[in-house]
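Colleague: Right, I'll just put the structure down here and ask away after.
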Amino acid sequence: MQAAKIFSFHGGIHPAENKAQSLQLPLGRPSLPSELILPLGQHIGQSSRPLVKVGDKVLKGETIAINNGFLSSFLHAPTSGTITAIEERLIAHPSGLSDLCIIISPDGHDTWTTLEPLHHWQDISKTDVLAYLSEMGIIGMGGAGFPTQVKLQGAYKNPLTHFIINAAECEPYITADDMLIREKTLELVLGIEILQHLVQADHVVIGIEDNKPTAIAALQAVLGKRNSKIQIAVVPTKYPSGGEKQLIQLLTGKEVPSGQYPADIGILCQNVGTCVAVHDAITFGKPLISRFTTLTGDALKAPQNVEVLLGTPVAHLLDYAESEPKKLNRLIMGGPMMGYTLNSAAVPIVKTSNCILAASKKELPPPAPEQACIRCGMCEQACPASLLPQQLLWFSKSQEFEKAEHHNLFDCIECGACSYVCPSSIPLVQYYRHTKSSIREAREATVKSDLAKQRFEARKARQDAEAAEKEAKRLARQKATPSKAAEEKKAAPANAAAPLAAAPATTDESKKLKVDIAIGKSKLKKLQKQLLEAQENEHVEEISNLQLQVTEQEKAVALLEEQLAKTVEAAPIAAEANATKPAPAPVNDELKKAKVDVALIGVKLKKLQKQLADTPDDQELKDKITTFEADLKTAQDTVSKLSDSTQTTMSASTTEPKTAISDELKKLKIDAAIAKAAVKKVEKALKKAEEIQAPEINAIRQQLKEAQQRADELENALANPATTTTKTETIAEVAPNSVDADAAKKRKIDLAIAKAGVKKAEKNIQLLKEQGKDESEIEASEWPKKLIEAQEKLAALEAEESTPVTTSVATHVEGTTEAIAKSQAKAEPEMDLANQIKKEKIAVALAKAQINKLNKRLESAPEDADSINQEITSTEQRLQSAEALLEKLIHSQTNLQENR
Amino acid sequence: MLTVLLAIGILVLLSLIFGAILGYANVRFHVEGDPIVDQIDALLPQTQCGQCGHPGCRPYAEAIANGEAINHCPPGGQATIQALADLLDVEAIPLDGDHGTETAKRVAVIREDECIGCTKCIQACPVDAILGAAKQMHTVIADECTGCDLCVEPCPVDCIDMVEVGVTAKTWSWDKPQGIAATSLNIIATDRQTEVAH
Ligand code: SF4
Ligand code: SF4
Ligand code: SF4
Ligand code: SF4
């Protein structure tokens with residue numbers, strides 16, 4: 001053992017030590033508390049994951065939580081007992097918040113689990129020793145709680161020149177380390193030797209302040225006896241010499257560069273408590289389940305150091321040290337400089353709790369009010385990190401985070417020396433803490449927003465790609481139509497030869513129809529949106545135009561839906577009657593060709609119009625456009641003529657209506673689609689023309705009207721042949737169930753739309769209210785009317801929803817009982833029943849949602865409570881009936897199942 | 001006369017040489033400048049909620065670059081307005097209430113047993129933070145959720161709640177100190193009340 005050279009660090013202060021109080025009594029060992037509270041996050045990094053369940057019996061030293069990732073730690077039961085809860089409890093944290101804790105109720109026996117010490121730590125690989133330390137739950141006990149194995153691993157980056165054991169314990173009042181060195185001198189030295197074996201540093205130095213002569217003597221005795229190479233460096237008492245970077249500077253004269261760790265300059269620091277814990281773990285196999293803690297302060301009659309089990313509530317320790325509640329003014333976890341106030345004594349001791357300071361008012365008076373900074377520079381003199389506290393304060397106050405960072409705010413160790421010396425009693429450290437957390441928050445927000453941006457962009461790219469793909473497919477289909485026509489021609493006789501093949505064709509068609517409906521609906525939605533926007537922006541012209549379009553689109557969708565229902569019904573019959581009938585192919589061919597012409601001309605026209613948009617004054621272009629438009633018209637005329645003739649041929653060939661109908665439907669649909677596309681094209685042209693204020697707006701408008709008319713006609717035509725099909729409908733009631741389901745679906749969709757209407761109207765009214773419009777204005781704004789209408793509609797729909805379902809359910813229930821009686825065809829009614837149950841469940845959910853909504857509304861608009869209450873009761877009634885029904889259904893289902 | 005001409009000649013020569021050097025440097029060391037839209041976009045919160053009236057944050061960034069007011073983004077709140085004002089060197093104005101009010105950070109949570117699996121919320125989510133399939137229960141990936149509210153409206157059974165993200169011990173941050181209290185200004189009775197910069 002040899003004396004080490006001592007350097008010095010900048011700044012520092014000499015506050016009153018107050019260490020004698022807690023050293024008068026010997027080390028105390030408090031009794032077992034009634035419960036132990038073990039927070040899962042006692043260390044820096046990810047919280048541990050619990051291994052136990054409520055009700056489990058654990059033995060002392062058993063692992064109750066394991067690490068959750070790299071920067072995490074294990075947790076062990078401090079005594080034997082039962083896990084009574086895993087829940088949120090108040091923890092020792094400056095925020096005074098709760099966190100997840102494992103609660104153990106001790107059984108009083110304190111039975112150890114089997115311990116497995118690591119006897120051969122000298123022979124096995126260092127990685128294994130580190131893993132063992134991690135499993136023993138060992139973390140830095142100096143304050144930060146950095147998992148020890150991670151710190152040791154970090155030390156392997158560079159060859160170590162110094163391994164420093166931090167025994168300085170510079171903060172006033174705290175004597176836990178002092179007591180630990182006195183009590184466990186040998187364990188400490190053995191622990192240091194184990195760690196030295198793991199890190200192989202050139203020098204091993206214990207840094208200890210000169211105010212602990214007993215501890216120094218004890219250490220010297222043990223080291224001398226063991227003839228150890230470990231040095232003792234007795235440093236002068238100055239706060240904060242126990243800071244890691246300060247102690248390094250004191251013992252080596254080297255400064256840890258800003259933003260780096262001691263390991264980066266070949267130095268490792270460990271707290272004495274950690275060294276003892278390492279020794280206990282390796283030689284005895286004892287995990288970290290207790291620690292030395294100082295109980296001190298004027299409010300305690302028996303201040304002392306205690307060896308306390310982790311998880312012991314502070315209140316238990318206060319009782320043990322005979323606290324006087326009258327005197328107790330502030331309860332502090334940690335020391336008076338770097339500790340924080342506890343709002344509750346229910347919080348537990350954790351691995352990093354080195355002191356409980358129960359201070360009287362006289363001892364720690366409330367801080368004097370803050371004054372303006374007088375630029376005296378005393379804070380700069382005191383700062384051990386050589387910062388410029390007054391500059392940092394300035395930047396913190398003005399939220400200039402970048403500048404604060406530039407002035408090395410993150411090198412501040414929050415020692416409080418600057419606040420201590422400040423004559424204006426500015427709580428400087430609080431400002432820095434606030435600024436640091438703000439900066440950290442901002443960084444996290446940036447990370448999150450970057451992620452959101454990435455995801456948003458990825459989604460957009462995906463959607464664009466999908467759209468492009470669809471467009472490409474559409475184009476390909478368009479190109480393929482002529483050749484398809486030829487194919488169809490060939491296929492027609494084959495069709496006649498194989499009558500059975502027609503059935504799939506019809507289902508195909510119904511599928512297509514469904515797709516059409518979906519497309520039509522989405523168009524409708526878009527149009528409605530546009531209309532709304534236009535209304536908001538008060539574009540009068542557009543509004544009327546759009547309204548027209550919306551109603552048309554609505555009609556079209558309704559038509560398509562009707563058709564779908566019919567085709568579905570007609571399908572089997574069509575298949576039956578199919579055999580006799582060859583398709584009227586030639587006319588079709590011509591028709592198709594003409595249509596292709598129309599499309600081609602349309603495309604050319606579009607191109608020209610685009611050019612026109614770029615060069616609005618080009619007379620030649622305009623001429624060309626007019627000629628093309630004429631062409632288009634003639635071509636379209638031929639198309640309509642041809643399709644008319646197809647229609648007549650079809651109605652003429654009454655003997656073979658069935659396939660004709662489906663074929664015709666297809667064609668008509670294509671016609672309608674083309675006509676609609678034409679309408680769209682013209683609309684686009686119109687818009688462009690409006691944009692550039694072209695003179696031919698009126699002409700284009702005229703065109704638009706014509707095109708729309710044509711589209712209407714076609715749609716009507718589309719509807720009419722369908723009606724001929726309906727005549728066959730009554731012949732056989734095919735698949736009533738599916739029709740039922742379809743109707744239910746439709747109803748539901750209607751319902752949803754009606755609801756959306758109500759919502760929208762409500763929102764608008766709310767908006768108007770928020771904008772400060774008075775009642776009369778709102779009355780005048782037509783929204784209330786709309787709201788009432790929508791609500792009526794909704795109510796009607798809902799009534800419809802519940803009644804048909806009930807009746808059908810009733811019949812179904814009867815049907816099921818019949819089925820049971822017959823004990824035949826069991827599967828089908830059961831499936832039916834399941835469907836009904838599902839539907840009913842959805843109805844219940846909808847009703848519940850509505851009640852919720854109504855209640856919410858009631859809260860926000862108490863003035864019309866009566867009407868809302870009425871609504872609520874009616875909805876509740878509905879809900880009840882639905883629920884009753886549901887119960888009945890389920891009951892009958894179980895019956896059915898039991899009977900089988 | 002000759003000296004004057006000489007001087008002019010030398011100056012012309014010099015200016016040509018320097019011009020050439022500068023021109024070369026301009027091409028050689030050309031930095032792909034960070035366009036203003038990108039810089040604005042970087043300051044926006046990327047909630048992608050559309051409350052500003054644009055379909056996402058980037059379109060609003062473009063609109064700002066084209067002169068739209070900077071106070072239309074409620075999720076960003078006053079902090080974003082301040083940042084934008086600093087960037088664009090304009091005055092920071094209070095948030096425009098027409099576009100909504102600043103709220104605490106929230107995430108969407110689906111009440112999973114009520115979900116009917118209609119996938120409407122998935123289609124509405126701008127950052128693909130909802131997981132599910134047709135007729136299956138859906139759930140929100142809380143870490144990816146920006147709290148934009150867009151999925152709440154389309155849900156037909158109203159089973160999506162916007163839940164405020166509570167502060168935990170890990171995300172908690174220190175309060176700012178009160179600052180210089182008004183009462184502490186007159187330590188000396190004759191002190192005049194003066195404005196003190198915070
Ligand atoms: S709290 Fe920070 S700024 Fe103040 S003296 Fe300590 S290290 Fe320096
Ligand atoms: S010690 Fe206080 S008053 Fe003096 S310069 Fe620092 S912050 Fe200002
Ligand atoms: S309001 Fe703000 S967060 Fe929402 S889309 Fe607009 S810029 Fe983005
Ligand atoms: S919108 Fe609602 S019901 Fe539909 S999938 Fe999403 S959470 Fe479920």
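Numbering starts fresh at 1 for the residues of each chain in the structure tokens, the chains themselves are lettered A, B, ... in the order given, and ligands are numbered from 1 as they appear.
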Using only C-alpha atoms, determine which residues of chain B fall within 8 Å of chain A; present them as a JSON list (two decimals) with N, CA and C atoms, in the first residue's frame.

Modeller:
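Below is the file out_13.json, written as the result:
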[["chain", "number", "residue", "atom", "x", "y", "z"],
["B", 45, "PRO", "N", -45.08, 18.81, -36.75],
["B", 45, "PRO", "CA", -45.08, 17.64, -35.86],
["B", 45, "PRO", "C", -45.30, 16.31, -36.57],
["B", 46, "GLN", "N", -45.64, 16.31, -37.82],
["B", 46, "GLN", "CA", -45.84, 15.07, -38.59],
["B", 46, "GLN", "C", -46.95, 14.21, -38.03],
["B", 47, "THR", "N", -47.93, 14.85, -37.43],
["B", 47, "THR", "CA", -49.07, 14.08, -36.96],
["B", 47, "THR", "C", -49.94, 13.65, -38.14],
["B", 48, "GLN", "N", -49.84, 14.36, -39.23],
["B", 48, "GLN", "CA", -50.55, 14.06, -40.48],
["B", 48, "GLN", "C", -52.06, 14.06, -40.26],
["B", 114, "GLU", "N", -65.39, -4.70, -28.88],
["B", 114, "GLU", "CA", -66.51, -4.10, -29.57],
["B", 114, "GLU", "C", -66.26, -3.96, -31.07],
["B", 116, "ILE", "N", -65.93, -4.57, -34.85],
["B", 116, "ILE", "CA", -66.59, -5.54, -35.73],
["B", 116, "ILE", "C", -65.72, -5.87, -36.93],
["B", 126, "PRO", "N", -53.23, 7.59, -41.24],
["B", 126, "PRO", "CA", -52.23, 8.10, -42.17],
["B", 126, "PRO", "C", -50.85, 7.48, -42.01],
["B", 127, "VAL", "N", -50.60, 6.81, -40.90],
["B", 127, "VAL", "CA", -49.26, 6.26, -40.69],
["B", 127, "VAL", "C", -49.28, 4.75, -40.51],
["B", 128, "ASP", "N", -50.36, 4.10, -40.96],
["B", 128, "ASP", "CA", -50.46, 2.64, -40.89],
["B", 128, "ASP", "C", -50.19, 2.13, -39.48],
["B", 144, "GLU", "N", -46.64, 3.84, -32.76],
["B", 144, "GLU", "CA", -46.66, 4.44, -34.09],
["B", 144, "GLU", "C", -47.79, 5.46, -34.23],
["B", 146, "THR", "N", -49.91, 8.64, -34.09],
["B", 146, "THR", "CA", -49.57, 10.05, -33.93],
["B", 146, "THR", "C", -50.67, 10.81, -33.21],
["B", 156, "PRO", "N", -67.78, 2.63, -37.35],
["B", 156, "PRO", "CA", -69.25, 2.60, -37.30],
["B", 156, "PRO", "C", -69.79, 2.28, -35.92],
["B", 157, "VAL", "N", -69.02, 1.63, -35.07],
["B", 157, "VAL", "CA", -69.54, 1.30, -33.74],
["B", 157, "VAL", "C", -68.89, 2.14, -32.64],
["B", 158, "ASP", "N", -68.16, 3.16, -33.06],
["B", 158, "ASP", "CA", -67.59, 4.11, -32.09],
["B", 158, "ASP", "C", -66.77, 3.42, -31.01],
["B", 159, "CYS", "N", -65.90, 2.50, -31.41],
["B", 159, "CYS", "CA", -65.17, 1.78, -30.38],
["B", 159, "CYS", "C", -63.72, 2.26, -30.27],
["B", 168, "THR", "N", -45.24, 9.01, -17.20],
["B", 168, "THR", "CA", -44.70, 7.99, -16.31],
["B", 168, "THR", "C", -43.41, 8.53, -15.71],
["B", 169, "ALA", "N", -42.87, 7.76, -14.75],
["B", 169, "ALA", "CA", -41.64, 8.21, -14.12],
["B", 169, "ALA", "C", -40.53, 8.36, -15.16],
["B", 172, "TRP", "N", -41.38, 11.67, -17.35],
["B", 172, "TRP", "CA", -41.63, 12.89, -16.59],
["B", 172, "TRP", "C", -40.49, 13.89, -16.78],
["B", 173, "SER", "N", -40.81, 15.16, -16.79],
["B", 173, "SER", "CA", -39.72, 16.13, -16.85],
["B", 173, "SER", "C", -39.90, 17.20, -15.78],
["B", 174, "TRP", "N", -38.81, 17.80, -15.42],
["B", 174, "TRP", "CA", -38.82, 18.78, -14.33],
["B", 174, "TRP", "C", -39.58, 20.03, -14.75],
["B", 175, "ASP", "N", -40.28, 20.59, -13.78],
["B", 175, "ASP", "CA", -40.98, 21.85, -14.03],
["B", 175, "ASP", "C", -39.98, 22.99, -14.11],
["B", 176, "LYS", "N", -40.43, 24.02, -14.80],
["B", 176, "LYS", "CA", -39.62, 25.23, -14.81],
["B", 176, "LYS", "C", -39.86, 25.96, -13.49],
["B", 177, "PRO", "N", -38.82, 26.48, -12.86],
["B", 177, "PRO", "CA", -39.03, 27.23, -11.62],
["B", 177, "PRO", "C", -39.94, 28.44, -11.86],
["B", 179, "GLY", "N", -39.62, 31.42, -11.36],
["B", 179, "GLY", "CA", -39.04, 32.68, -11.82],
["B", 179, "GLY", "C", -39.05, 33.68, -10.69],
["B", 180, "ILE", "N", -38.72, 34.89, -11.03],
["B", 180, "ILE", "CA", -38.61, 35.90, -9.99],
["B", 180, "ILE", "C", -40.01, 36.33, -9.59],
["B", 181, "ALA", "N", -40.36, 36.06, -8.35],
["B", 181, "ALA", "CA", -41.71, 36.39, -7.90],
["B", 181, "ALA", "C", -41.86, 37.90, -7.76],
["B", 184, "SER", "N", -40.92, 39.49, -4.48],
["B", 184, "SER", "CA", -39.53, 39.56, -4.07],
["B", 184, "SER", "C", -38.81, 40.74, -4.72],
["B", 185, "LEU", "N", -39.57, 41.51, -5.50],
["B", 185, "LEU", "CA", -38.90, 42.61, -6.18],
["B", 185, "LEU", "C", -38.55, 43.75, -5.23],
["B", 196, "VAL", "N", -38.90, 42.95, -15.22],
["B", 196, "VAL", "CA", -37.72, 42.10, -15.17],
["B", 196, "VAL", "C", -37.84, 41.06, -16.27],
["B", 198, "HIS", "N", -37.65, 37.72, -18.12],
["B", 198, "HIS", "CA", -37.67, 36.34, -17.67],
["B", 198, "HIS", "C", -36.82, 35.50, -18.59]]

Colleague: Hey, what does DSSP flag as helix (DSSP H, G or I) within range 43-76 of chain B? Can you give it to me as a PyMOL selection string?

Modeller: chain B and resi 43+57-65

Colleague: So which residues are near ligand 1, meaning at most 6 Å away with only C-alpha atoms and all ligand atoms counted, given back as a VMD selection string?

Modeller: chain A and resid 382 to 385 387 389 412 to 418 429

Colleague: Hey, which of B:Ile93, B:Leu5, B:Ala108, B:Cys151 ends up closest to ligand 4? Count only C-alpha atoms and all ligand atoms.

Modeller: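 Among the listed residues, the smallest separation from ligand 4 belongs to B:Cys151.
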
Colleague: For a test of reading the model, state the distance in Å between CA of Gln880 in chain A and CA of Asp113 in chain B, rounded to one decimal.

Modeller: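 These two atoms are separated by 19.4 Å.
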
Colleague: Contacts of Leu43 in chain B at 9 Å or less, counting only C-alpha atoms, minus same-chain residues fewer than 2 places along, as a CSV table (one decimal) with N, CA and C atoms, in the first residue's frame?

Modeller:
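Contents of out-v4.csv, as written:
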chain,number,residue,atom,x,y,z
A,446,THR,N,-38.6,14.6,-32.1
A,446,THR,CA,-38.0,14.6,-33.5
A,446,THR,C,-37.9,13.1,-34.0
B,38,ASP,N,-38.4,21.7,-47.1
B,38,ASP,CA,-37.9,20.6,-46.2
B,38,ASP,C,-37.7,21.1,-44.8
B,39,GLN,N,-37.1,22.3,-44.7
B,39,GLN,CA,-36.9,22.9,-43.4
B,39,GLN,C,-38.2,23.1,-42.6
B,40,ILE,N,-39.2,23.6,-43.3
B,40,ILE,CA,-40.5,23.8,-42.7
B,40,ILE,C,-41.0,22.5,-42.3
B,41,ASP,N,-41.0,21.5,-43.2
B,41,ASP,CA,-41.5,20.2,-42.9
B,41,ASP,C,-40.9,19.6,-41.7
B,45,PRO,N,-45.1,18.8,-36.8
B,45,PRO,CA,-45.1,17.6,-35.9
B,45,PRO,C,-45.3,16.3,-36.6
B,46,GLN,N,-45.6,16.3,-37.8
B,46,GLN,CA,-45.8,15.1,-38.6
B,46,GLN,C,-46.9,14.2,-38.0
B,76,GLY,N,-49.0,20.9,-33.4
B,76,GLY,CA,-47.7,21.6,-33.1
B,76,GLY,C,-47.8,22.6,-32.0
B,80,THR,N,-44.4,25.0,-32.2
B,80,THR,CA,-44.1,24.9,-33.6
B,80,THR,C,-44.2,26.3,-34.3
B,83,ALA,N,-41.1,28.1,-33.6
B,83,ALA,CA,-40.0,27.5,-34.4
B,83,ALA,C,-40.1,28.0,-35.8
B,84,LEU,N,-41.3,28.0,-36.4
B,84,LEU,CA,-41.5,28.4,-37.7
B,84,LEU,C,-41.2,29.9,-37.9

Colleague: Collect all residues with atoms no farther than 6 Å from ligand 2, counting only C-alpha atoms and all ligand atoms, and output them as a PyMOL selection string.

Modeller: chain A and resi 373-379+390+421-424

Colleague: Take the selection from the previous step and output its residues with N, CA and C atoms, as an mmCIF file, in the first residue's frame.

Modeller:
data_model
loop_
_atom_site.group_PDB
_atom_site.id
_atom_site.type_symbol
_atom_site.label_atom_id
_atom_site.label_comp_id
_atom_site.auth_asym_id
_atom_site.auth_seq_id
_atom_site.Cartn_x
_atom_site.Cartn_y
_atom_site.Cartn_z
ATOM 1 N N CYS A 373 -30.361 37.875 -11.509
ATOM 2 C CA CYS A 373 -28.930 37.594 -11.506
ATOM 3 C C CYS A 373 -28.155 38.904 -11.551
ATOM 4 N N ILE A 374 -27.199 39.023 -10.647
ATOM 5 C CA ILE A 374 -26.423 40.265 -10.624
ATOM 6 C C ILE A 374 -25.061 40.097 -11.286
ATOM 7 N N ARG A 375 -24.890 38.958 -11.940
ATOM 8 C CA ARG A 375 -23.653 38.708 -12.688
ATOM 9 C C ARG A 375 -22.413 38.821 -11.796
ATOM 10 N N CYS A 376 -22.539 38.274 -10.588
ATOM 11 C CA CYS A 376 -21.400 38.351 -9.691
ATOM 12 C C CYS A 376 -20.325 37.338 -10.058
ATOM 13 N N GLY A 377 -20.727 36.268 -10.741
ATOM 14 C CA GLY A 377 -19.747 35.274 -11.168
ATOM 15 C C GLY A 377 -19.389 34.266 -10.104
ATOM 16 N N MET A 378 -20.087 34.284 -8.969
ATOM 17 C CA MET A 378 -19.759 33.326 -7.927
ATOM 18 C C MET A 378 -20.093 31.898 -8.346
ATOM 19 N N CYS A 379 -21.137 31.769 -9.142
ATOM 20 C CA CYS A 379 -21.523 30.431 -9.590
ATOM 21 C C CYS A 379 -20.416 29.849 -10.467
ATOM 22 N N GLN A 390 -24.234 31.239 -15.069
ATOM 23 C CA GLN A 390 -25.140 32.358 -15.342
ATOM 24 C C GLN A 390 -25.527 32.431 -16.812
ATOM 25 N N VAL A 421 -24.124 28.857 -3.795
ATOM 26 C CA VAL A 421 -23.381 30.098 -3.601
ATOM 27 C C VAL A 421 -24.109 31.325 -4.122
ATOM 28 N N CYS A 422 -25.131 31.145 -4.926
ATOM 29 C CA CYS A 422 -25.741 32.300 -5.599
ATOM 30 C C CYS A 422 -26.336 33.281 -4.593
ATOM 31 N N PRO A 423 -25.884 34.517 -4.569
ATOM 32 C CA PRO A 423 -26.426 35.500 -3.629
ATOM 33 C C PRO A 423 -27.848 35.911 -3.963
ATOM 34 N N SER A 424 -28.265 35.677 -5.196
ATOM 35 C CA SER A 424 -29.642 36.001 -5.568
ATOM 36 C C SER A 424 -30.577 34.824 -5.338
#

Colleague: Would you kindly return, as a list in words, each protein, DNA or RNA residue with an atom no farther than 7 Å from any atom of range 327-336 of chain A, considering only C-alpha atoms and excluding same-chain residues fewer than 4 positions away?

Modeller: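 Near range 327-336 of chain A, the qualifying residues are Glu171, Pro172, Tyr173, Ile174, Ala299, Tyr340, Thr341, Leu342, Ser353, Asn354, Cys355, Ile356, Leu357, Ala358, Ala359, Ser360 and Lys361 of chain A.
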
Colleague: As a quick test: using only C-alpha atoms and all ligand atoms, which residues lie no more than 8 Å away from ligand 3? Give them as a ChimeraX atom specification.

Modeller: /B:44-61,72-76,99,148

Colleague: Using only C-alpha atoms and all ligand atoms, find each residue of chain B with at least one atom at most 6 Å away from an atom of ligand 4; report its shortest atom-to-atom pair and that distance in Å (one decimal), sort the rows by chain and rising residue number, and return the result as CSV.

Modeller:
residue,atom,partner,partner_atom_place_in_ligand_line,distance
B:Ile110,CA,ligand 4,7 (S),5.6
B:Cys115,CA,ligand 4,8 (Fe),3.7
B:Ile116,CA,ligand 4,3 (S),4.3
B:Gly117,CA,ligand 4,5 (S),3.8
B:Cys118,CA,ligand 4,4 (Fe),3.8
B:Thr119,CA,ligand 4,5 (S),3.9
B:Lys120,CA,ligand 4,1 (S),4.4
B:Cys121,CA,ligand 4,6 (Fe),4.1
B:His138,CA,ligand 4,5 (S),5.4
B:Pro154,CA,ligand 4,1 (S),5.8
B:Cys155,CA,ligand 4,1 (S),3.4
B:Pro156,CA,ligand 4,3 (S),5.9
B:Val157,CA,ligand 4,3 (S),5.6
B:Cys159,CA,ligand 4,2 (Fe),5.5
B:Ile160,CA,ligand 4,7 (S),5.8

Colleague: Please report the interatomic distance between CA of Arg182 in chain A and CA of Ser31 in chain A in Å with one decimal.

Modeller: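 About the pair CA of Arg182 in chain A and CA of Ser31 in chain A: they are 22.2 Å apart.
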
Colleague: What is the distance between CA of Lys254 in chain A and CA of Leu71 in chain A, in Å to one decimal?

Modeller: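 Answer for the CA of Lys254 in chain A to CA of Leu71 in chain A separation: 27.8 Å.
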